[in-house]
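Listing of start.cif; format and content: mmCIF, C-alpha atoms and all ligand atoms.
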```cif
data_protein
loop_
_atom_site.label_atom_id
_atom_site.label_comp_id
_atom_site.auth_asym_id
_atom_site.auth_seq_id
_atom_site.Cartn_x
_atom_site.Cartn_y
_atom_site.Cartn_z
CA MET A 1000 56.92 -137.48 4.59
CA GLY A 1001 53.44 -136.52 5.93
CA ALA A 1002 51.53 -138.55 8.51
CA GLY A 1003 48.79 -139.28 5.96
CA HIS A 1004 51.32 -140.86 3.68
CA ARG A 1005 52.68 -143.02 6.50
CA VAL A 1006 49.18 -144.19 7.40
CA SER A 1007 48.32 -145.14 3.83
CA GLU A 1008 51.65 -146.94 3.50
CA ARG A 1009 50.92 -148.89 6.68
CA ALA A 1010 47.44 -149.66 5.43
CA ALA A 1011 48.86 -150.90 2.15
CA ARG A 1012 51.30 -153.13 4.01
CA ALA A 1013 48.43 -154.55 6.05
CA LEU A 1014 46.54 -155.59 2.93
CA PRO A 1015 46.55 -159.37 2.55
CA GLN A 1016 49.14 -160.49 0.02
CA SER A 1017 49.20 -163.81 -1.69
CA ALA A 1018 52.33 -165.94 -1.31
CA PHE A 1019 52.90 -165.29 -5.01
CA GLU A 1020 52.90 -161.49 -4.51
CA GLN A 1021 55.18 -161.74 -1.48
CA GLY A 1022 57.61 -163.93 -3.38
CA LEU A 1023 57.52 -161.55 -6.31
CA ARG A 1024 58.34 -158.52 -4.15
CA ARG A 1025 61.16 -160.33 -2.36
CA VAL A 1026 62.77 -161.42 -5.61
CA SER A 1027 62.30 -157.98 -7.21
CA TRP A 1028 64.02 -156.23 -4.28
CA ARG A 1029 66.93 -158.63 -4.39
CA ALA A 1030 67.25 -158.21 -8.16
CA ALA A 1031 67.23 -154.41 -7.82
CA ARG A 1032 70.04 -154.58 -5.24
CA VAL A 1033 72.17 -156.98 -7.28
CA PHE A 1034 71.76 -155.23 -10.60
CA GLY A 1035 72.59 -151.91 -8.93
CA SER A 1036 76.10 -153.16 -8.13
CA THR A 1037 79.10 -154.21 -10.24
CA PRO A 1038 78.72 -157.49 -12.16
CA PRO A 1039 80.67 -160.29 -10.45
CA THR A 1040 83.25 -162.73 -11.81
CA LEU A 1041 82.35 -166.36 -11.16
CA THR A 1042 84.74 -169.27 -10.89
CA ALA A 1043 83.28 -172.20 -12.80
CA ASN A 1044 86.14 -174.68 -12.99
CA PRO A 1045 87.60 -175.13 -15.64
CA VAL A 1046 86.21 -171.80 -16.87
CA THR A 1047 85.64 -168.35 -15.45
CA LEU A 1048 82.52 -166.29 -16.06
CA ARG A 1049 83.39 -162.62 -16.41
CA GLN A 1050 82.15 -159.55 -18.22
CA PRO A 1051 82.74 -159.50 -22.00
CA ALA A 1052 85.66 -157.15 -22.83
CA GLU A 1053 87.07 -155.21 -25.80
CA LYS A 1054 89.67 -157.91 -26.44
CA ASP A 1055 86.85 -160.46 -26.94
CA ILE A 1056 85.30 -158.60 -29.89
CA PRO A 1057 86.89 -160.73 -32.69
CA ALA A 1058 85.95 -164.00 -30.91
CA ILE A 1059 82.43 -162.76 -30.12
CA THR A 1060 82.00 -161.97 -33.83
CA VAL A 1061 83.14 -165.51 -34.70
CA GLY A 1062 80.70 -166.93 -32.14
CA TYR A 1063 77.70 -165.06 -33.45
CA ASN A 1064 78.52 -166.14 -37.03
CA ASP A 1065 78.83 -169.84 -36.21
CA PRO A 1066 76.13 -171.79 -38.11
CA ASP A 1067 75.13 -173.91 -35.05
CA THR A 1068 74.83 -170.81 -32.89
CA ILE A 1069 72.75 -169.06 -35.56
CA ARG A 1070 70.56 -172.14 -35.91
CA TRP A 1071 69.96 -172.95 -32.25
CA PHE A 1072 70.78 -169.89 -30.13
CA SER A 1073 69.00 -167.56 -32.58
CA VAL A 1074 70.96 -164.74 -34.19
CA PRO A 1075 68.44 -162.89 -36.34
CA GLU A 1076 70.96 -160.33 -37.72
CA LYS A 1077 74.37 -160.61 -39.30
CA TRP A 1078 76.98 -159.83 -36.63
CA THR A 1079 79.99 -157.67 -37.51
CA HIS A 1080 82.80 -156.30 -35.32
CA GLU A 1081 80.64 -153.19 -34.86
CA THR A 1082 77.70 -155.30 -33.61
CA ALA A 1083 80.05 -157.05 -31.17
CA ARG A 1084 81.54 -153.74 -30.04
CA ASP A 1085 78.07 -152.31 -29.39
CA TYR A 1086 77.20 -155.48 -27.44
CA VAL A 1087 80.32 -155.17 -25.24
CA ASP A 1088 80.28 -151.40 -24.74
CA ARG A 1089 76.58 -150.66 -24.54
CA LEU A 1090 74.12 -153.56 -24.57
CA VAL A 1091 75.55 -155.92 -21.96
CA PRO A 1092 76.03 -153.07 -19.41
CA LEU A 1093 72.56 -151.73 -20.29
CA TRP A 1094 70.86 -155.11 -19.73
CA TRP A 1095 72.68 -155.45 -16.41
CA ALA A 1096 71.84 -151.92 -15.26
CA GLY A 1097 68.23 -152.36 -16.33
CA GLY A 1098 67.91 -155.59 -14.32
CA VAL A 1099 66.96 -157.39 -17.52
CA GLU A 1100 69.69 -159.99 -17.67
CA VAL A 1101 73.27 -160.77 -16.80
CA VAL A 1102 75.59 -161.83 -19.62
CA PHE A 1103 78.93 -163.46 -18.90
CA ALA A 1104 81.77 -164.32 -21.22
CA ILE A 1105 82.86 -167.92 -20.70
CA ALA A 1106 86.66 -167.61 -20.48
CA ASP A 1107 89.17 -170.48 -20.50
CA ASP A 1108 92.28 -170.83 -18.32
CA LEU A 1109 94.17 -168.37 -20.58
CA ASP A 1110 91.27 -165.91 -20.30
CA SER A 1111 90.37 -166.46 -23.97
CA TYR A 1112 86.74 -165.89 -24.86
CA ALA A 1113 85.15 -169.33 -25.37
CA GLY A 1114 81.45 -168.50 -25.41
CA SER A 1115 78.62 -166.70 -23.73
CA ILE A 1116 76.05 -167.46 -21.06
CA ASP A 1117 73.18 -165.35 -19.80
CA LEU A 1118 70.59 -165.46 -17.07
CA SER A 1119 67.44 -163.41 -17.39
CA VAL A 1120 64.64 -162.90 -14.92
CA ARG A 1121 61.13 -163.17 -16.28
CA ARG A 1122 59.33 -159.84 -16.21
CA ASP A 1123 55.94 -161.37 -15.48
CA ASP A 1124 57.34 -163.65 -12.77
CA PRO A 1125 60.78 -162.76 -11.35
CA ALA A 1126 60.76 -166.02 -9.39
CA VAL A 1127 61.61 -167.71 -12.69
CA GLY A 1128 65.02 -167.30 -14.29
CA GLU A 1129 66.10 -168.55 -17.70
CA VAL A 1130 69.56 -169.43 -18.98
CA GLY A 1131 70.89 -169.30 -22.56
CA TYR A 1132 74.38 -170.13 -23.86
CA PHE A 1133 76.71 -170.97 -26.70
CA VAL A 1134 80.30 -172.15 -26.90
CA LEU A 1135 82.65 -171.41 -29.82
CA PRO A 1136 83.33 -174.47 -32.03
CA ASP A 1137 87.04 -174.64 -31.08
CA PHE A 1138 86.13 -174.91 -27.37
CA ARG A 1139 83.32 -177.47 -27.53
CA ARG A 1140 83.27 -180.90 -25.84
CA ARG A 1141 85.42 -179.73 -22.92
CA GLY A 1142 82.58 -179.46 -20.42
CA TYR A 1143 82.53 -175.65 -20.62
CA ALA A 1144 78.77 -175.33 -21.18
CA VAL A 1145 77.91 -177.66 -18.29
CA SER A 1146 80.32 -175.91 -15.91
CA ALA A 1147 79.00 -172.49 -16.93
CA VAL A 1148 75.34 -173.52 -16.52
CA ARG A 1149 76.04 -174.94 -13.06
CA ALA A 1150 77.90 -171.81 -11.94
CA ILE A 1151 75.42 -169.24 -13.25
CA SER A 1152 72.52 -171.20 -11.75
CA ARG A 1153 74.17 -171.43 -8.34
CA TRP A 1154 74.94 -167.71 -8.42
CA GLY A 1155 71.41 -166.93 -9.60
CA PHE A 1156 69.78 -168.89 -6.79
CA GLU A 1157 72.09 -167.46 -4.12
CA VAL A 1158 72.02 -163.86 -5.21
CA LEU A 1159 68.82 -163.23 -7.15
CA GLY A 1160 66.73 -165.74 -5.24
CA PRO A 1161 64.39 -167.25 -7.87
CA GLN A 1162 62.51 -170.46 -7.12
CA ARG A 1163 63.17 -171.98 -10.52
CA ILE A 1164 65.72 -171.62 -13.32
CA GLN A 1165 64.79 -173.06 -16.66
CA LEU A 1166 66.43 -173.94 -19.94
CA ARG A 1167 64.59 -174.23 -23.22
CA TRP A 1168 66.09 -175.66 -26.39
CA ALA A 1169 64.58 -176.14 -29.81
CA ALA A 1170 63.42 -179.65 -30.65
CA GLY A 1171 66.32 -181.31 -32.46
CA ASN A 1172 69.07 -179.60 -30.47
CA ASP A 1173 69.86 -182.77 -28.55
CA VAL A 1174 73.31 -181.53 -27.52
CA SER A 1175 71.70 -178.74 -25.52
CA GLY A 1176 69.43 -181.32 -23.90
CA GLN A 1177 72.56 -183.22 -22.83
CA VAL A 1178 74.03 -180.04 -21.36
CA ALA A 1179 70.84 -179.47 -19.36
CA ALA A 1180 70.82 -183.04 -18.05
CA ARG A 1181 74.51 -182.99 -17.11
CA ALA A 1182 74.00 -179.70 -15.29
CA GLY A 1183 71.32 -181.36 -13.15
CA PHE A 1184 68.21 -179.94 -14.81
CA ALA A 1185 65.12 -182.17 -14.98
CA THR A 1186 63.47 -182.29 -18.40
CA GLU A 1187 59.78 -181.58 -18.08
CA GLY A 1188 58.44 -181.90 -21.59
CA LEU A 1189 57.94 -180.52 -25.05
CA MET A 1190 56.33 -177.11 -25.41
CA ARG A 1191 54.69 -176.59 -28.77
CA GLN A 1192 55.79 -173.50 -30.70
CA ALA A 1193 57.00 -171.92 -27.49
CA LEU A 1194 60.39 -170.64 -28.65
CA MET A 1195 61.11 -167.94 -31.20
CA ILE A 1196 64.26 -168.68 -33.19
CA ASN A 1197 65.32 -166.36 -36.00
CA GLY A 1198 61.77 -165.08 -36.40
CA LYS A 1199 60.11 -168.53 -36.47
CA ARG A 1200 58.19 -170.24 -33.70
CA ARG A 1201 59.66 -173.63 -32.81
CA ASP A 1202 58.69 -176.50 -30.57
CA CYS A 1203 61.08 -176.65 -27.64
CA TRP A 1204 61.99 -178.82 -24.68
CA VAL A 1205 61.99 -177.32 -21.23
CA ALA A 1206 64.05 -178.40 -18.23
CA SER A 1207 64.37 -176.82 -14.83
CA LEU A 1208 66.42 -176.71 -11.68
CA LEU A 1209 64.65 -175.75 -8.46
CA ARG A 1210 66.10 -173.71 -5.63
CA ASP A 1211 65.93 -176.57 -3.11
CA GLU A 1212 67.84 -178.80 -5.52
CA VAL A 1213 70.90 -176.55 -5.32
CA VAL A 1214 71.00 -174.46 -2.15
C1 LIG B 1 75.28 -176.70 -26.95
C2 LIG B 1 76.70 -176.20 -26.71
C3 LIG B 1 76.63 -174.90 -25.91
C4 LIG B 1 77.44 -177.28 -25.88
O1 LIG B 1 78.68 -176.71 -25.45
P1 LIG B 1 79.89 -177.60 -24.96
O2 LIG B 1 80.77 -176.73 -24.11
O3 LIG B 1 80.50 -178.30 -26.09
O4 LIG B 1 79.15 -178.67 -24.04
P2 LIG B 1 79.86 -179.61 -22.97
O5 LIG B 1 81.28 -179.87 -23.36
O6 LIG B 1 79.63 -179.03 -21.62
O7 LIG B 1 79.07 -180.96 -23.23
C5 LIG B 1 78.13 -181.48 -22.34
C6 LIG B 1 77.58 -182.79 -22.88
O8 LIG B 1 76.79 -182.55 -24.03
C7 LIG B 1 76.96 -183.62 -24.96
N1 LIG B 1 77.58 -183.11 -26.18
C8 LIG B 1 78.24 -181.94 -26.34
N2 LIG B 1 78.61 -181.81 -27.63
C9 LIG B 1 78.18 -182.93 -28.27
C10 LIG B 1 78.24 -183.36 -29.63
N3 LIG B 1 78.82 -182.63 -30.57
N4 LIG B 1 77.67 -184.54 -29.94
C11 LIG B 1 77.07 -185.30 -28.99
N5 LIG B 1 76.98 -184.92 -27.68
C12 LIG B 1 77.52 -183.76 -27.34
C13 LIG B 1 77.84 -184.65 -24.28
O9 LIG B 1 77.01 -185.52 -23.55
C14 LIG B 1 78.63 -183.77 -23.35
O10 LIG B 1 79.15 -184.43 -22.26
P3 LIG B 1 80.47 -185.36 -22.45
O11 LIG B 1 81.44 -184.58 -23.30
O12 LIG B 1 80.94 -185.56 -21.05
O13 LIG B 1 80.00 -186.60 -23.12
C15 LIG B 1 77.48 -175.98 -28.02
O14 LIG B 1 77.44 -177.16 -28.80
C16 LIG B 1 76.91 -174.83 -28.83
O15 LIG B 1 77.30 -173.69 -28.62
N6 LIG B 1 75.97 -175.13 -29.75
C17 LIG B 1 75.37 -174.07 -30.58
C18 LIG B 1 74.51 -173.09 -29.78
C19 LIG B 1 73.46 -173.78 -28.95
O16 LIG B 1 72.92 -174.83 -29.30
N7 LIG B 1 73.15 -173.15 -27.80
C20 LIG B 1 72.12 -173.65 -26.91
C21 LIG B 1 70.80 -173.08 -27.33
S1 LIG B 1 69.52 -173.70 -26.27
#
```

As structure tokens, how would this structure be written, given the file I've shared?
Amino acid sequence: MGAGHRVSERAARALPQSAFEQGLRRVSWRAARVFGSTPPTLTANPVTLRQPAEKDIPAITVGYNDPDTIRWFSVPEKWTHETARDYVDRLVPLWWAGGVEVVFAIADDLDSYAGSIDLSVRRDDPAVGEVGYFVLPDFRRRGYAVSAVRAISRWGFEVLGPQRIQLRWAAGNDVSGQVAARAGFATEGLMRQALMINGKRRDCWVASLLRDEVV
């Protein structure tokens, strides 16, 4: 590295940075480090969050064809075993490696696939994370969604370092609102036409958990 380069780098570092820019850089560095490593397994009593696997493909296909999941989670295309295989083998690892989002399978005490949960970091503001989830019909009402949301949020704050993690759910999906509340998220209000579900813009509620509320 030439001296000129070092000087200009030092000069760049000396430039005043807003708190927003500093926060952005800190979070981006942390995200780059995390997403460069192997995805973790998280204990989220009574479930475990782990990487989706080959053996989950039939259950993943069931999940993505469930009418409630299609309606509220948004599944714009018909999912087949091939779609699920591509998701397990290629897409989930690609999203992780690209620092786009982490996807976990929600697994029960027998390691059966019970649903999915993801945490993405907003491109325009990496200090904001967003969580999405669904649970297979046979596994609902056991507290799995709440436990998974709590665990992924805790991990997200500790490891990725955002200031805020948010949840958005389409108006009418009151069950998801209950999940948010039970996981400790504060509902902030209704955002008009702010969520795209199956190609249509929908009004949605937004709730958030802040870093100081967890760590
Ligand atoms: C929303 C969803 C993930 C909830 O999963 P879950 O594992 O059943 O949720 P939990 O068991 O953690 O339930 C948490 C709370 O939500 C409420 N709740 C859950 N299912 C409910 C139902 N069918 N009717 C009324 N309240 C319900 C209850 O208050 C429950 O707490 P309680 O059982 O202690 O009373 C699941 O119904 C689902 O996959 N729905 C379709 C996809 C979806 O809506 N995803 C979210 C998109 S934003």

Contacts to ligand LIG 1 (chain B) at 6 Å cut-off (all atoms listed in the file) as a ChimeraX atom specification: /A:1067-1068,1071-1072,1131-1135,1139-1145,1167-1168,1174-1175,1177-1178

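Distance-wise, CA of Val1120 in chain A and CA of Tyr1086 in chain A end up 19.2 Å apart.
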
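With distances taken over all atoms listed in the file, A:Glu1157 is the one residue among A:Asp1088, A:Glu1187, A:Glu1157, A:Asp1065 lying closest to Val1033 in chain A.
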
Given all atoms listed in the file as the counted atoms, nearest of A:Leu1109, A:Leu1090, A:Ile1116, A:Ala1169 to Ala1193 in chain A: A:Ala1169

Protein/DNA/RNA residues near (86.3, -161.3, -21.9), cut 9 Å, all atoms listed in the file, as number ranges by chain: A: 1048-1056, 1103-1106, 1110-1113

Just the residues within 12 Å of Arg1153 in chain A, please, counting only C-alpha atoms, with nothing from its chain fewer than 2 positions along; format it as a PDB file with C-alpha atoms, in the coordinates of the input.
```
ATOM      1  CA  LEU A1041      82.350-166.360 -11.160  1.00  0.00           C
ATOM      2  CA  THR A1042      84.740-169.270 -10.890  1.00  0.00           C
ATOM      3  CA  ALA A1043      83.280-172.200 -12.800  1.00  0.00           C
ATOM      4  CA  LEU A1118      70.590-165.460 -17.070  1.00  0.00           C
ATOM      5  CA  GLY A1128      65.020-167.300 -14.290  1.00  0.00           C
ATOM      6  CA  VAL A1130      69.560-169.430 -18.980  1.00  0.00           C
ATOM      7  CA  SER A1146      80.320-175.910 -15.910  1.00  0.00           C
ATOM      8  CA  ALA A1147      79.000-172.490 -16.930  1.00  0.00           C
ATOM      9  CA  VAL A1148      75.340-173.520 -16.520  1.00  0.00           C
ATOM     10  CA  ARG A1149      76.040-174.940 -13.060  1.00  0.00           C
ATOM     11  CA  ALA A1150      77.900-171.810 -11.940  1.00  0.00           C
ATOM     12  CA  ILE A1151      75.420-169.240 -13.250  1.00  0.00           C
ATOM     13  CA  GLY A1155      71.410-166.930  -9.600  1.00  0.00           C
ATOM     14  CA  PHE A1156      69.780-168.890  -6.790  1.00  0.00           C
ATOM     15  CA  GLU A1157      72.090-167.460  -4.120  1.00  0.00           C
ATOM     16  CA  VAL A1158      72.020-163.860  -5.210  1.00  0.00           C
ATOM     17  CA  LEU A1159      68.820-163.230  -7.150  1.00  0.00           C
ATOM     18  CA  GLY A1160      66.730-165.740  -5.240  1.00  0.00           C
ATOM     19  CA  PRO A1161      64.390-167.250  -7.870  1.00  0.00           C
ATOM     20  CA  GLN A1162      62.510-170.460  -7.120  1.00  0.00           C
ATOM     21  CA  ARG A1163      63.170-171.980 -10.520  1.00  0.00           C
ATOM     22  CA  ILE A1164      65.720-171.620 -13.320  1.00  0.00           C
ATOM     23  CA  ALA A1182      74.000-179.700 -15.290  1.00  0.00           C
ATOM     24  CA  GLY A1183      71.320-181.360 -13.150  1.00  0.00           C
ATOM     25  CA  LEU A1208      66.420-176.710 -11.680  1.00  0.00           C
ATOM     26  CA  LEU A1209      64.650-175.750  -8.460  1.00  0.00           C
ATOM     27  CA  ARG A1210      66.100-173.710  -5.630  1.00  0.00           C
ATOM     28  CA  ASP A1211      65.930-176.570  -3.110  1.00  0.00           C
ATOM     29  CA  GLU A1212      67.840-178.800  -5.520  1.00  0.00           C
ATOM     30  CA  VAL A1213      70.900-176.550  -5.320  1.00  0.00           C
ATOM     31  CA  VAL A1214      71.000-174.460  -2.150  1.00  0.00           C
TER      32      VAL A1214
END
```

Closest of A:Lys1077, A:Gln1165, A:Thr1060, A:Thr1037 to Asn1197 in chain A - atom-to-atom distances counting all atoms listed in the file: A:Lys1077

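Taking CA of Trp1154 in chain A and CA of Thr1040 in chain A as the two end points, the separation is 10.3 Å.
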
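Between Ile1196 in chain A and the residues A:Ser1073, A:Gly1114, A:Pro1045, A:Pro1066, the shortest atom-to-atom distance, using all atoms listed in the file, involves A:Ser1073.
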
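Residue nearest Ser1207 in chain A, chosen from A:Arg1181, A:Glu1129, A:Met1190, A:Thr1079 and counting only C-alpha atoms: A:Glu1129.
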
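For the pair CA of Arg1191 in chain A and CA of Trp1204 in chain A, the interatomic distance is 8.7 Å.
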
Nearest to Asp1202 in chain A, chosen from A:Gly1176, A:Asp1123, A:Phe1184, A:Gly1171, with only C-alpha atoms counted in the distances: A:Gly1171

Build an axis-aligned box that encloses every atom of range 1148-1166 of chain A listed in the file, pad it by 3 Å on each side, and report its centre and edge lengths in Å to one decimal, as lines of an AutoDock Vina configuration file.
```
center_x = 70.2
center_y = -169.1
center_z = -12.0
size_x = 21.4
size_y = 17.7
size_z = 21.8
```

Place N, CA and C atoms on range 1178-1192 of chain A and deliver the coordinates as a PDB file, in the coordinates of the input.
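Printed below is rebuild00.pdb as written:
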```pdb
ATOM      1  N   VAL A1178      73.439-181.037 -22.262  1.00  0.00           N
ATOM      2  CA  VAL A1178      74.030-180.040 -21.360  1.00  0.00           C
ATOM      3  C   VAL A1178      73.107-179.839 -20.159  1.00  0.00           C
ATOM      4  N   ALA A1179      71.809-179.687 -20.439  1.00  0.00           N
ATOM      5  CA  ALA A1179      70.840-179.470 -19.360  1.00  0.00           C
ATOM      6  C   ALA A1179      70.872-180.646 -18.372  1.00  0.00           C
ATOM      7  N   ALA A1180      70.844-181.861 -18.914  1.00  0.00           N
ATOM      8  CA  ALA A1180      70.820-183.040 -18.050  1.00  0.00           C
ATOM      9  C   ALA A1180      72.089-183.127 -17.214  1.00  0.00           C
ATOM     10  N   ARG A1181      73.236-182.886 -17.856  1.00  0.00           N
ATOM     11  CA  ARG A1181      74.510-182.990 -17.110  1.00  0.00           C
ATOM     12  C   ARG A1181      74.646-181.891 -16.069  1.00  0.00           C
ATOM     13  N   ALA A1182      73.947-180.786 -16.280  1.00  0.00           N
ATOM     14  CA  ALA A1182      74.000-179.700 -15.290  1.00  0.00           C
ATOM     15  C   ALA A1182      72.981-179.916 -14.179  1.00  0.00           C
ATOM     16  N   GLY A1183      72.237-181.015 -14.245  1.00  0.00           N
ATOM     17  CA  GLY A1183      71.320-181.360 -13.150  1.00  0.00           C
ATOM     18  C   GLY A1183      69.901-180.885 -13.340  1.00  0.00           C
ATOM     19  N   PHE A1184      69.571-180.403 -14.541  1.00  0.00           N
ATOM     20  CA  PHE A1184      68.210-179.940 -14.810  1.00  0.00           C
ATOM     21  C   PHE A1184      67.323-181.141 -15.157  1.00  0.00           C
ATOM     22  N   ALA A1185      66.078-181.098 -14.684  1.00  0.00           N
ATOM     23  CA  ALA A1185      65.120-182.170 -14.980  1.00  0.00           C
ATOM     24  C   ALA A1185      64.284-181.759 -16.189  1.00  0.00           C
ATOM     25  N   THR A1186      64.275-182.609 -17.203  1.00  0.00           N
ATOM     26  CA  THR A1186      63.470-182.290 -18.400  1.00  0.00           C
ATOM     27  C   THR A1186      62.000-182.520 -18.085  1.00  0.00           C
ATOM     28  N   GLU A1187      61.192-181.539 -18.450  1.00  0.00           N
ATOM     29  CA  GLU A1187      59.780-181.580 -18.080  1.00  0.00           C
ATOM     30  C   GLU A1187      58.870-181.932 -19.249  1.00  0.00           C
ATOM     31  N   GLY A1188      59.293-181.563 -20.450  1.00  0.00           N
ATOM     32  CA  GLY A1188      58.440-181.900 -21.590  1.00  0.00           C
ATOM     33  C   GLY A1188      58.644-180.986 -22.771  1.00  0.00           C
ATOM     34  N   LEU A1189      57.865-181.275 -23.793  1.00  0.00           N
ATOM     35  CA  LEU A1189      57.940-180.520 -25.050  1.00  0.00           C
ATOM     36  C   LEU A1189      56.875-179.432 -25.046  1.00  0.00           C
ATOM     37  N   MET A1190      57.287-178.227 -25.328  1.00  0.00           N
ATOM     38  CA  MET A1190      56.330-177.110 -25.410  1.00  0.00           C
ATOM     39  C   MET A1190      56.159-176.780 -26.893  1.00  0.00           C
ATOM     40  N   ARG A1191      54.929-176.788 -27.343  1.00  0.00           N
ATOM     41  CA  ARG A1191      54.690-176.590 -28.770  1.00  0.00           C
ATOM     42  C   ARG A1191      54.783-175.117 -29.172  1.00  0.00           C
ATOM     43  N   GLN A1192      55.620-174.845 -30.142  1.00  0.00           N
ATOM     44  CA  GLN A1192      55.790-173.500 -30.700  1.00  0.00           C
ATOM     45  C   GLN A1192      56.043-172.442 -29.634  1.00  0.00           C
TER      46      GLN A1192
END
```
